[in-house]
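A.B. asks: Handing over coords39.txt, compact mmCIF, C-alpha atoms (C1' of nucleotides).
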# COMPACT_ATOMS: atom_id res chain seq x y z
CA MET A 1 0.00 0.00 0.00
CA SER A 2 2.61 2.45 1.15
CA ARG A 3 5.09 1.04 -1.29
CA GLU A 4 3.17 2.02 -4.39
CA GLN A 5 2.58 5.49 -3.02
CA ILE A 6 6.30 5.92 -2.54
CA VAL A 7 7.05 4.85 -6.10
CA ALA A 8 4.29 7.01 -7.53
CA GLY A 9 5.43 9.98 -5.48
CA ALA A 10 9.00 9.47 -6.57
CA ALA A 11 7.94 9.35 -10.20
CA ASP A 12 6.03 12.57 -9.78
CA MET A 13 8.93 14.36 -8.15
CA ILE A 14 11.40 13.05 -10.73
CA ARG A 15 9.36 14.25 -13.65
CA ARG A 16 9.15 17.70 -12.08
CA ARG A 17 12.58 18.38 -10.67
CA GLY A 18 14.76 15.68 -12.13
CA LEU A 19 16.40 12.71 -10.48
CA ASN A 20 19.21 14.44 -8.63
CA ALA A 21 16.93 17.03 -7.08
CA THR A 22 14.61 14.30 -5.83
CA SER A 23 15.78 13.32 -2.38
CA ILE A 24 14.64 10.19 -0.64
CA ARG A 25 13.77 12.24 2.40
CA GLU A 26 11.33 14.34 0.44
CA VAL A 27 9.87 11.36 -1.34
CA ALA A 28 9.16 9.78 2.02
CA LYS A 29 7.67 12.95 3.42
CA HIS A 30 5.55 13.44 0.31
CA ALA A 31 4.22 9.89 0.69
CA GLY A 32 3.62 10.32 4.41
CA THR A 33 5.93 7.45 5.28
CA PRO A 34 9.01 7.62 7.48
CA LEU A 35 12.46 7.69 5.97
CA GLY A 36 13.31 4.32 7.46
CA SER A 37 10.46 2.69 5.59
CA THR A 38 11.90 3.78 2.28
CA TYR A 39 15.00 1.71 2.83
CA HIS A 40 12.89 -1.12 4.15
CA TYR A 41 10.90 -1.28 0.94
CA PHE A 42 13.78 -0.41 -1.35
CA PRO A 43 16.98 -1.89 0.03
CA GLY A 44 18.67 -1.00 -3.23
CA GLY A 45 18.39 2.65 -2.25
CA LYS A 46 17.84 5.48 -4.65
CA ASN A 47 18.86 3.45 -7.66
CA GLN A 48 16.12 0.93 -7.05
CA LEU A 49 13.55 3.58 -6.24
CA ALA A 50 14.33 5.50 -9.42
CA THR A 51 14.26 2.33 -11.46
CA GLU A 52 10.83 1.38 -10.19
CA ALA A 53 9.57 4.90 -10.70
CA VAL A 54 10.64 4.82 -14.32
CA ARG A 55 9.13 1.39 -14.83
CA LEU A 56 5.84 2.45 -13.29
CA SER A 57 5.59 5.51 -15.47
CA ALA A 58 6.52 3.52 -18.54
CA GLU A 59 3.89 0.91 -17.84
CA ILE A 60 1.13 3.45 -17.49
CA VAL A 61 1.91 4.78 -20.94
CA THR A 62 2.32 1.29 -22.30
CA ARG A 63 -1.12 0.29 -21.15
CA VAL A 64 -2.79 3.31 -22.69
CA LEU A 65 -0.92 2.72 -25.92
CA ASP A 66 -1.85 -0.93 -25.98
CA LYS A 67 -5.48 -0.10 -25.59
CA LYS A 68 -5.71 2.75 -28.06
CA LEU A 69 -3.59 1.12 -30.73
CA ARG A 70 -6.30 -1.47 -31.20
CA GLN A 71 -8.23 1.28 -32.95
CA GLY A 72 -5.31 1.83 -35.27
CA PRO A 73 -1.98 3.66 -35.21
CA ALA A 74 -3.53 7.08 -35.69
CA GLU A 75 -5.63 6.69 -32.58
CA GLY A 76 -2.62 5.42 -30.64
CA VAL A 77 -0.51 8.40 -31.62
CA ARG A 78 -3.34 10.73 -30.76
CA ALA A 79 -3.58 9.18 -27.31
CA PHE A 80 0.19 9.32 -26.86
CA PHE A 81 0.26 13.04 -27.50
CA GLY A 82 -2.86 13.45 -25.43
CA LEU A 83 -1.15 11.87 -22.46
CA TRP A 84 1.79 14.22 -22.59
CA ARG A 85 -0.41 17.17 -23.23
CA GLU A 86 -2.33 16.38 -20.08
CA VAL A 87 0.84 16.04 -18.01
CA VAL A 88 2.40 19.27 -19.24
CA ALA A 89 -0.67 21.47 -19.32
CA GLY A 90 -2.17 19.91 -16.20
CA THR A 91 0.82 20.86 -14.08
CA ASP A 92 1.24 24.39 -15.40
CA PHE A 93 4.31 23.27 -17.37
CA GLN A 94 6.08 22.05 -14.27
CA ALA A 95 6.12 18.34 -15.02
CA GLY A 96 7.56 16.41 -17.91
CA CYS A 97 8.56 12.84 -18.55
CA PRO A 98 10.43 10.99 -15.78
CA VAL A 99 11.98 8.71 -18.36
CA VAL A 100 13.65 11.68 -19.99
CA ALA A 101 14.67 13.16 -16.66
CA VAL A 102 16.51 9.98 -15.71
CA ALA A 103 18.09 9.55 -19.13
CA VAL A 104 19.56 13.04 -19.03
CA GLU A 105 21.38 12.62 -15.71
CA GLU A 106 23.89 9.92 -16.39
CA ALA A 107 26.04 7.33 -14.83
CA ALA A 108 25.29 7.29 -11.13
CA HIS A 109 22.10 5.26 -11.54
CA PRO A 110 22.75 2.66 -14.23
CA GLU A 111 19.72 0.47 -13.59
CA ALA A 112 17.41 3.45 -13.79
CA LEU A 113 19.01 4.42 -17.08
CA ALA A 114 18.45 0.91 -18.38
CA ALA A 115 14.82 1.19 -17.39
CA SER A 116 14.59 4.41 -19.38
CA ALA A 117 16.02 2.73 -22.44
CA GLU A 118 13.55 -0.08 -22.04
CA ALA A 119 10.68 2.38 -21.80
CA PHE A 120 11.63 4.11 -25.04
CA ARG A 121 12.07 0.78 -26.75
CA ALA A 122 8.73 -0.53 -25.54
CA TRP A 123 6.78 2.50 -26.71
CA SER A 124 8.53 2.53 -30.07
CA ARG A 125 7.96 -1.15 -30.59
CA GLN A 126 4.27 -0.84 -29.81
CA LEU A 127 3.85 1.95 -32.32
CA ALA A 128 5.96 0.22 -34.95
CA GLU A 129 4.02 -3.02 -34.69
CA SER A 130 0.76 -1.20 -35.12
CA LEU A 131 2.07 0.58 -38.19
CA GLU A 132 3.26 -2.69 -39.65
CA GLN A 133 -0.14 -4.22 -39.12
CA HIS A 134 -1.54 -1.40 -41.19
CA GLY A 135 0.67 -2.03 -44.14
CA VAL A 136 3.76 0.01 -43.40
CA GLU A 137 6.99 -1.73 -44.23
CA ALA A 138 8.96 -2.83 -41.16
CA ARG A 139 11.94 -0.52 -41.48
CA ARG A 140 9.80 2.49 -42.22
CA ALA A 141 7.46 1.62 -39.37
CA ALA A 142 10.36 1.54 -36.91
CA GLN A 143 11.62 4.90 -38.14
CA LEU A 144 8.22 6.50 -37.85
CA ALA A 145 7.67 5.07 -34.40
CA THR A 146 10.99 6.46 -33.20
CA LEU A 147 10.08 9.79 -34.72
CA VAL A 148 6.79 9.89 -32.85
CA VAL A 149 8.33 9.03 -29.48
CA GLY A 150 11.32 11.31 -29.91
CA ALA A 151 9.33 14.25 -31.20
CA ALA A 152 6.79 13.96 -28.40
CA GLU A 153 9.48 13.82 -25.73
CA GLY A 154 11.40 16.68 -27.25
CA ALA A 155 8.26 18.76 -27.58
CA VAL A 156 7.44 18.17 -23.92
CA VAL A 157 10.81 19.61 -22.96
CA MET A 158 10.25 22.61 -25.23
CA CYS A 159 6.81 23.19 -23.74
CA ARG A 160 8.22 23.30 -20.25
CA ALA A 161 10.97 25.73 -21.16
CA GLN A 162 8.69 28.04 -23.13
CA ARG A 163 5.74 27.64 -20.79
CA SER A 164 3.53 27.03 -23.79
CA ILE A 165 1.65 24.02 -25.08
CA GLN A 166 2.20 25.01 -28.67
CA PRO A 167 5.32 22.94 -29.42
CA LEU A 168 3.46 19.77 -28.47
CA ASP A 169 0.42 20.73 -30.52
CA ASP A 170 2.56 21.71 -33.49
CA VAL A 171 4.42 18.43 -33.42
CA ALA A 172 1.23 16.45 -32.96
CA ALA A 173 -0.38 18.17 -35.93
CA GLU A 174 2.57 17.50 -38.21
CA LEU A 175 2.94 13.88 -37.18
CA THR A 176 -0.72 12.93 -37.37
CA ALA A 177 -0.79 14.39 -40.87
CA LEU A 178 2.35 12.53 -41.84
CA LEU A 179 1.09 9.22 -40.49
CA GLU A 180 -2.24 9.69 -42.17
CA SER A 181 -0.57 10.14 -45.53
CA VAL A 182 1.73 7.17 -44.98
CA ILE A 183 -1.08 4.86 -43.98
CA SER A 184 -3.58 5.96 -46.59
CA ALA A 185 -0.93 5.43 -49.27
CA ARG A 186 -0.61 1.78 -48.26
CA THR A 187 -4.26 0.87 -48.16
CA MET B 1 40.38 34.08 -20.68
CA SER B 2 39.58 31.97 -17.66
CA ARG B 3 36.02 33.12 -17.75
CA GLU B 4 35.20 31.51 -21.06
CA GLN B 5 36.84 28.29 -20.00
CA ILE B 6 34.65 28.18 -16.93
CA VAL B 7 31.50 28.69 -18.97
CA ALA B 8 32.53 26.14 -21.57
CA GLY B 9 33.44 23.62 -18.89
CA ALA B 10 30.15 24.19 -17.12
CA ALA B 11 28.26 23.64 -20.36
CA ASP B 12 30.11 20.41 -20.94
CA MET B 13 29.40 19.12 -17.46
CA ILE B 14 25.76 20.15 -17.63
CA ARG B 15 25.14 18.35 -20.88
CA ARG B 16 26.67 15.20 -19.40
CA ARG B 17 25.38 15.01 -15.86
CA GLY B 18 22.63 17.57 -15.73
CA LEU B 19 22.47 20.86 -13.91
CA ASN B 20 22.00 19.67 -10.36
CA ALA B 21 24.87 17.22 -10.54
CA THR B 22 27.16 19.94 -11.80
CA SER B 23 28.75 21.57 -8.79
CA ILE B 24 30.56 24.87 -8.95
CA ARG B 25 33.52 23.30 -7.22
CA GLU B 26 33.95 20.73 -9.93
CA VAL B 27 33.46 23.28 -12.67
CA ALA B 28 36.24 25.35 -11.17
CA LYS B 29 38.52 22.37 -10.79
CA HIS B 30 37.79 21.25 -14.32
CA ALA B 31 38.71 24.70 -15.61
CA GLY B 32 41.83 24.87 -13.46
CA THR B 33 40.63 27.97 -11.66
CA PRO B 34 40.10 28.39 -7.93
CA LEU B 35 36.64 28.28 -6.47
CA GLY B 36 36.84 31.90 -5.38
CA SER B 37 37.36 33.01 -8.95
CA THR B 38 34.08 31.49 -9.98
CA TYR B 39 32.16 33.81 -7.72
CA HIS B 40 34.32 36.68 -8.80
CA TYR B 41 33.41 36.17 -12.44
CA PHE B 42 29.84 35.11 -11.78
CA PRO B 43 28.51 37.02 -8.78
CA GLY B 44 25.08 35.69 -9.63
CA GLY B 45 26.24 32.26 -8.56
CA LYS B 46 25.11 29.05 -10.12
CA ASN B 47 22.10 30.62 -11.74
CA GLN B 48 24.26 33.01 -13.71
CA LEU B 49 26.81 30.36 -14.60
CA ALA B 50 24.13 27.99 -15.86
CA THR B 51 22.48 30.78 -17.80
CA GLU B 52 25.68 31.69 -19.58
CA ALA B 53 26.46 28.04 -20.26
CA VAL B 54 23.09 27.61 -21.93
CA ARG B 55 23.51 30.79 -23.92
CA LEU B 56 26.97 29.79 -25.09
CA SER B 57 25.79 26.38 -26.25
CA ALA B 58 22.78 27.91 -27.94
CA GLU B 59 24.91 30.41 -29.81
CA ILE B 60 27.24 27.78 -31.16
CA VAL B 61 24.31 25.95 -32.68
CA THR B 62 22.78 29.19 -33.87
CA ARG B 63 25.93 30.12 -35.76
CA VAL B 64 26.16 26.78 -37.50
CA LEU B 65 22.49 26.96 -38.41
CA ASP B 66 22.83 30.48 -39.72
CA LYS B 67 25.69 29.48 -41.96
CA LYS B 68 24.24 26.27 -43.32
CA LEU B 69 20.73 27.58 -43.82
CA ARG B 70 22.08 29.87 -46.51
CA GLN B 71 22.34 26.74 -48.63
CA GLY B 72 18.70 26.01 -48.00
CA PRO B 73 16.58 24.47 -45.24
CA ALA B 74 17.54 20.92 -46.14
CA GLU B 75 21.21 21.66 -45.64
CA GLY B 76 20.45 23.41 -42.37
CA VAL B 77 18.51 20.48 -41.01
CA ARG B 78 21.24 18.13 -42.11
CA ALA B 79 23.79 20.21 -40.22
CA PHE B 80 21.53 20.40 -37.17
CA PHE B 81 21.28 16.64 -36.93
CA GLY B 82 24.96 16.35 -37.74
CA LEU B 83 25.82 18.52 -34.77
CA TRP B 84 23.88 16.39 -32.35
CA ARG B 85 25.14 13.22 -33.89
CA GLU B 86 28.67 14.38 -33.28
CA VAL B 87 27.96 15.27 -29.67
CA VAL B 88 26.23 12.01 -28.84
CA ALA B 89 28.44 9.62 -30.75
CA GLY B 90 31.62 11.54 -29.99
CA THR B 91 31.16 11.17 -26.25
CA ASP B 92 30.18 7.52 -26.26
CA PHE B 93 26.56 8.51 -25.54
CA GLN B 94 27.50 10.35 -22.39
CA ALA B 95 26.67 13.87 -23.48
CA GLY B 96 23.45 15.39 -24.67
CA CYS B 97 22.04 18.87 -24.96
CA PRO B 98 22.63 21.28 -22.06
CA VAL B 99 19.54 23.22 -23.04
CA VAL B 100 17.42 20.13 -22.45
CA ALA B 101 19.23 19.31 -19.24
CA VAL B 102 18.42 22.70 -17.78
CA ALA B 103 14.84 22.69 -19.01
CA VAL B 104 14.15 19.37 -17.31
CA GLU B 105 15.26 20.46 -13.84
CA GLU B 106 12.82 23.15 -12.90
CA ALA B 107 12.29 26.13 -10.76
CA ALA B 108 15.47 26.71 -8.81
CA HIS B 109 17.22 28.42 -11.71
CA PRO B 110 14.66 30.59 -13.47
CA GLU B 111 17.05 32.64 -15.60
CA ALA B 112 18.71 29.52 -16.91
CA LEU B 113 15.30 28.14 -17.81
CA ALA B 114 14.50 31.34 -19.65
CA ALA B 115 17.74 30.97 -21.57
CA SER B 116 16.67 27.46 -22.54
CA ALA B 117 13.37 28.73 -23.83
CA GLU B 118 15.16 31.39 -25.82
CA ALA B 119 17.49 28.78 -27.34
CA PHE B 120 14.61 26.63 -28.53
CA ARG B 121 12.84 29.65 -29.90
CA ALA B 122 15.92 30.90 -31.72
CA TRP B 123 16.62 27.61 -33.42
CA SER B 124 12.99 27.15 -34.40
CA ARG B 125 12.75 30.64 -35.77
CA GLN B 126 15.86 30.21 -37.87
CA LEU B 127 14.53 27.03 -39.40
CA ALA B 128 11.07 28.46 -39.91
CA GLU B 129 12.35 31.53 -41.66
CA SER B 130 14.42 29.45 -44.00
CA LEU B 131 11.42 27.30 -44.83
CA GLU B 132 9.31 30.36 -45.49
CA GLN B 133 11.92 31.72 -47.83
CA HIS B 134 11.59 28.51 -49.78
CA GLY B 135 7.90 28.80 -50.28
CA VAL B 136 6.45 27.12 -47.20
CA GLU B 137 3.52 28.93 -45.70
CA ALA B 138 4.30 30.65 -42.40
CA ARG B 139 2.16 28.55 -40.08
CA ARG B 140 3.33 25.31 -41.64
CA ALA B 141 6.94 26.46 -41.55
CA ALA B 142 6.72 27.14 -37.83
CA GLN B 143 5.19 23.72 -37.20
CA LEU B 144 7.86 21.96 -39.21
CA ALA B 145 10.64 23.89 -37.51
CA THR B 146 9.33 22.94 -34.08
CA LEU B 147 9.09 19.35 -35.21
CA VAL B 148 12.70 19.32 -36.31
CA VAL B 149 14.01 20.84 -33.09
CA GLY B 150 11.82 18.73 -30.84
CA ALA B 151 12.47 15.48 -32.67
CA ALA B 152 16.22 16.04 -32.67
CA GLU B 153 16.29 16.81 -28.97
CA GLY B 154 14.08 13.87 -28.13
CA ALA B 155 16.14 11.56 -30.28
CA VAL B 156 19.31 12.68 -28.51
CA VAL B 157 17.77 11.65 -25.21
CA MET B 158 16.74 8.29 -26.64
CA CYS B 159 20.21 7.72 -28.04
CA ARG B 160 21.79 8.29 -24.66
CA ALA B 161 19.42 5.95 -22.88
CA GLN B 162 19.71 3.19 -25.45
CA ARG B 163 23.40 3.77 -26.10
CA SER B 164 22.70 3.71 -29.81
CA ILE B 165 22.85 6.33 -32.53
CA GLN B 166 19.93 4.80 -34.36
CA PRO B 167 17.12 6.95 -32.96
CA LEU B 168 18.87 10.08 -34.18
CA ASP B 169 19.53 8.59 -37.61
CA ASP B 170 15.98 7.29 -37.89
CA VAL B 171 14.51 10.66 -37.03
CA ALA B 172 16.90 12.47 -39.37
CA ALA B 173 15.98 10.17 -42.24
CA GLU B 174 12.26 10.68 -41.75
CA LEU B 175 12.49 14.42 -41.37
CA THR B 176 14.80 15.07 -44.31
CA ALA B 177 12.42 13.06 -46.47
CA LEU B 178 9.44 14.97 -45.14
CA LEU B 179 11.04 18.35 -45.68
CA GLU B 180 12.14 17.38 -49.16
CA SER B 181 8.60 16.51 -50.11
CA VAL B 182 7.20 19.68 -48.57
CA ILE B 183 9.70 21.92 -50.30
CA SER B 184 9.59 20.26 -53.69
CA ALA B 185 5.82 20.53 -53.64
CA ARG B 186 6.05 24.30 -53.31
CA THR B 187 8.59 24.99 -56.02
C1' DG C 1 58.32 53.30 -6.29
C1' DC C 2 53.32 53.67 -4.87
C1' DT C 3 48.95 52.64 -5.13
C1' DA C 4 44.70 50.92 -6.79
C1' DT C 5 42.47 47.14 -9.00
C1' DC C 6 41.86 42.59 -10.39
C1' DC C 7 42.26 38.01 -9.19
C1' DT C 8 43.77 34.26 -6.05
C1' DA C 9 43.92 31.54 -1.94
C1' DT C 10 41.84 29.56 1.95
C1' DG C 11 38.59 28.39 4.99
C1' DA C 12 34.41 28.50 7.02
C1' DC C 13 28.89 28.63 7.41
C1' DG C 14 24.66 26.08 7.51
C1' DA C 15 22.13 22.90 4.96
C1' DT C 16 21.15 18.72 2.78
C1' DC C 17 22.40 14.57 0.75
C1' DG C 18 22.46 8.90 0.67
C1' DT C 19 22.93 5.52 3.72
C1' DT C 20 23.14 2.76 7.96
C1' DA C 21 22.20 1.26 12.69
C1' DT C 22 19.52 0.48 16.57
C1' DA C 23 15.73 0.29 19.41
C1' DG C 24 10.79 0.05 19.70
C1' DC C 25 5.93 -0.56 18.33
C1' DC C 26 2.13 -3.33 16.83
C1' DA C 27 -0.52 -6.71 14.64
C1' DA C 28 -1.05 -11.47 13.48
C1' DT C 29 0.01 -16.26 14.47
C1' DG C 30 0.37 -20.13 17.49
C1' DC D 1 -1.23 -14.89 26.33
C1' DA D 2 3.30 -15.09 24.27
C1' DT D 3 6.20 -14.51 20.41
C1' DT D 4 7.54 -13.49 16.01
C1' DG D 5 8.22 -10.48 12.06
C1' DG D 6 6.98 -6.44 9.37
C1' DC D 7 7.21 -1.71 9.88
C1' DT D 8 8.30 2.64 12.52
C1' DA D 9 11.00 5.99 14.92
C1' DT D 10 15.17 8.43 15.72
C1' DA D 11 19.62 9.61 15.33
C1' DA D 12 23.90 9.58 13.52
C1' DC D 13 27.91 9.03 9.78
C1' DG D 14 30.71 11.24 6.33
C1' DA D 15 30.35 13.74 2.27
C1' DT D 16 29.12 17.42 -0.56
C1' DC D 17 26.52 21.29 -1.70
C1' DG D 18 25.98 26.84 -2.65
C1' DT D 19 27.60 30.75 -0.79
C1' DC D 20 30.27 34.15 1.59
C1' DA D 21 34.24 36.55 3.86
C1' DT D 22 38.70 37.79 4.38
C1' DA D 23 43.42 38.11 3.55
C1' DG D 24 47.24 37.81 0.25
C1' DG D 25 49.54 38.47 -4.18
C1' DA D 26 50.28 40.38 -8.64
C1' DT D 27 50.04 43.79 -12.08
C1' DA D 28 49.02 47.97 -14.21
C1' DG D 29 49.02 53.11 -14.36
C1' DC D 30 50.79 57.21 -12.29
Can I see the file as structure tokens?
C.D. replies:
Amino acid sequence: MSREQIVAGAADMIRRRGLNATSIREVAKHAGTPLGSTYHYFPGGKNQLATEAVRLSAEIVTRVLDKKLRQGPAEGVRAFFGLWREVVAGTDFQAGCPVVAVAVEEAAHPEALAASAEAFRAWSRQLAESLEQHGVEARRAAQLATLVVGAAEGAVVMCRAQRSIQPLDDVAAELTALLESVISART
Amino acid sequence: MSREQIVAGAADMIRRRGLNATSIREVAKHAGTPLGSTYHYFPGGKNQLATEAVRLSAEIVTRVLDKKLRQGPAEGVRAFFGLWREVVAGTDFQAGCPVVAVAVEEAAHPEALAASAEAFRAWSRQLAESLEQHGVEARRAAQLATLVVGAAEGAVVMCRAQRSIQPLDDVAAELTALLESVISART
DNA sequence: GCTATCCTATGACGATCGTTATAGCCAATG
DNA sequence: CATTGGCTATAACGATCGTCATAGGATAGC
């Protein structure tokens, strides 16, 4: 019970302030659990906590993608951008993607970084498979999927810096149009 | 003389480990200057140092863009991706973009964040203007420019996490093809 | 040669960090 | 009712952080 709250709280703090600025003390306080409990639940320390936070965040996105992609790649991409739009706009541009936050602060937390890589790979693979199922050649599908994930993540960062939702909307508009043309050409 | 070395060193450390993990002590040591000098040159403290580091990095990219865009938007985009490819691959996936690193770690350094926003805006504007000059309608040009910047930055993050240059190459391939088709359609 | 100005050198300050240890509570099991 | 085991509570450790203050050295202009 407490455990999940700690992980969820850590993920929220990481996506706002970054991994290094997220202290275990504050995570514990934010979750209403004592500091000692954190090391009881996560004997691996900060590395383990960050890793689980990344994995949790990645899974939430994965599940939404899995569900929406059944209605086709266009719907999946729409939902993907919708998710990030909600995060960025819903926090007054103060939160972004924890996966990115961990990936940008190297070295000291190798397992967390590996979890980030896995998250990117999972999302890309989901999108690519859906595109393939709709007639896009495998190589092209992989490229497009990477483009969608990368562009969305980059746009989220731009939105936060500029305190505007426009980069995300611009990117979403361009990519939905591009995917539409690619898919309609193959059907 | 020393001053520029401090800023350049700070930018290098920020793009590798992030802003919070970049301590002024280590920046000074890395630049071979005493800690006291840092506060002599940058009385604004870490905020000022980070701000100047972001601005310096942004200007380097801006200059390359300005030069290459004279040969057309396609050449500019090629150079933009080439720059990031060099950074990521040339550091064994340990360095990324300092502008992103600062943008992802909020709040505590507001001027540095503003400098990040300005960097994104400058790059986007340069690309958009070039596209407009080649017949792309203003609104569309702005969208495409944002897509290029966002996708490149996102791909850099993915490359670091996955320790592979492929995301950047995939995104570059898709976007150069897209821009080619957009431009050739308008000429 | 004197002085004023720029930079260095050194050390300290309070705060916070990740992590560990130890002692105690409290509920469930027998 | 006793005991065990999961969780709490509390405090401490060494380290590092951003920042500031103060004293010393060098170098330039007069």
A.B. asks: Return the neighbours of chain A among the residues of chain C, cut-off 10 Å, counting all atoms listed in the file, as a compact mmCIF listing (two decimals) with C-alpha atoms (C1' of nucleotides), in the frame of the given file.
C.D. replies:
# COMPACT_ATOMS: atom_id res chain seq x y z
C1' DT C 16 21.15 18.72 2.78
C1' DC C 17 22.40 14.57 0.75
C1' DG C 18 22.46 8.90 0.67
C1' DT C 19 22.93 5.52 3.72
C1' DT C 20 23.14 2.76 7.96
A.B. asks: Please provide the set of residues having any atom within 8 Å of segment 60-75 of chain B, restricted to all atoms listed in the file, with same-chain residues fewer than 4 positions apart removed, written as a CSV table (one decimal) with C-alpha atoms, in the coordinates of the input.
C.D. replies:
chain,number,residue,atom,x,y,z
B,56,LEU,CA,27.0,29.8,-25.1
B,79,ALA,CA,23.8,20.2,-40.2
B,80,PHE,CA,21.5,20.4,-37.2
B,83,LEU,CA,25.8,18.5,-34.8
B,122,ALA,CA,15.9,30.9,-31.7
B,123,TRP,CA,16.6,27.6,-33.4
B,126,GLN,CA,15.9,30.2,-37.9
B,127,LEU,CA,14.5,27.0,-39.4
B,130,SER,CA,14.4,29.4,-44.0
B,131,LEU,CA,11.4,27.3,-44.8
B,134,HIS,CA,11.6,28.5,-49.8
B,176,THR,CA,14.8,15.1,-44.3
B,179,LEU,CA,11.0,18.4,-45.7
B,180,GLU,CA,12.1,17.4,-49.2
A.B. asks: Please provide as a PyMOL selection string all residues within 12 Å of DG6 of chain D, with the sequence filter that same-chain residues fewer than 2 positions apart are discarded (counting only C-alpha atoms (C1' of nucleotides)).
C.D. replies: (chain A and resi 37+40-41) or (chain C and resi 25-28) or (chain D and resi 4+8)
A.B. asks: Near segment 87-104 of chain B, within 9 Å and counting all atoms listed in the file, which residues show up once chain neighbours fewer than 6 positions away are dropped, as number ranges by chain?
C.D. replies: A: 15-18, 95-97, 100-101, 104-107, 154, 157-158, 160-161; B: 11-20, 50, 53-55, 57-58, 112-117, 119-120, 153, 156-157, 159-165
A.B. asks: Measure the distance from atom CA of Ala177 of chain B to atom CA of Glu118 of chain A in Å and round it to one decimal.
C.D. replies: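 For atom CA of Ala177 of chain B relative to atom CA of Glu118 of chain A, the distance reads 27.8 Å.
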A.B. asks: Using only C-alpha atoms, which of the listed residues (A:Arg85, A:Arg140, A:Lys29, A:Arg3) sits closest to chain B?
C.D. replies: A:Arg140
A.B. asks: Select, as a list in words, those residues of chain D with any atom no more than 9 Å from chain B (distances computed using only C-alpha atoms (C1' of nucleotides)).
C.D. replies: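 The contacting residues on chain D are DC17, DG18 and DT19 of chain D.
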A.B. asks: Mind pulling up the distance from atom CA of Gln143 of chain B to atom CA of Asp170 of chain A?
C.D. replies: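 That distance, rounded to one decimal, is 5.0 Å.
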A.B. asks: Within 12 Å of DT22 of chain C, counting only C-alpha atoms (C1' of nucleotides), which residues qualify if same-chain residues fewer than 4 places away don't, as a ChimeraX atom specification?
C.D. replies: /A:36 /D:9-12
A.B. asks: Pick from B:Leu49, B:Val182, B:Ala151, B:Ile6: nearest to His109 of chain B, with all atoms listed in the file counted?
C.D. replies: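 Closest to His109 of chain B of all the choices is B:Leu49.
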A.B. asks: Kindly indicate which residue among A:Leu35, A:Thr22, A:Phe81, A:Gly135 lies nearest to chain B, using only C-alpha atoms for the distances.
C.D. replies: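 When distances to chain B are compared using only C-alpha atoms, the smallest one comes from A:Thr22.
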A.B. asks: What gap, in Å, lies between atom CA of Ala31 of chain B and atom C1' of DA23 of chain D?
C.D. replies: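 Taking atom CA of Ala31 of chain B and atom C1' of DA23 of chain D, their separation equals 23.9 Å.
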A.B. asks: When you look at Ser2 of chain A with a cut-off of 9 Å (counting all atoms listed in the file), what residues show up, excluding the ones that are within fewer than 5 positions of it in the same chain? I need them as a tab-separated table (two decimals) with C-alpha atoms, in the frame of the given file.
C.D. replies:
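What ended up in result.tsv:
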chain	number	residue	atom	x	y	z
A	7	VAL	CA	7.05	4.85	-6.10
A	31	ALA	CA	4.22	9.89	0.69
A	32	GLY	CA	3.62	10.32	4.41
A	33	THR	CA	5.93	7.45	5.28
A.B. asks: Between D:DC7, D:DC1, D:DA15, D:DA26, which residue has the minimum interatomic distance to DG24 of chain C, considering all atoms listed in the file?
C.D. replies: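 Nearest to DG24 of chain C: D:DC7.
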A.B. asks: Of the candidates A:Gln166, A:His30, A:Leu175, A:Ala155, which shows the shortest atom-to-atom distance to chain B, using all atoms listed in the file?
C.D. replies: A:Ala155
A.B. asks: Would you please work out which residue, of B:Glu26, B:Leu147, B:Ala138, B:Glu4, is nearest to chain A when using only C-alpha atoms?
C.D. replies: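 Smallest distance to chain A is found for B:Leu147.
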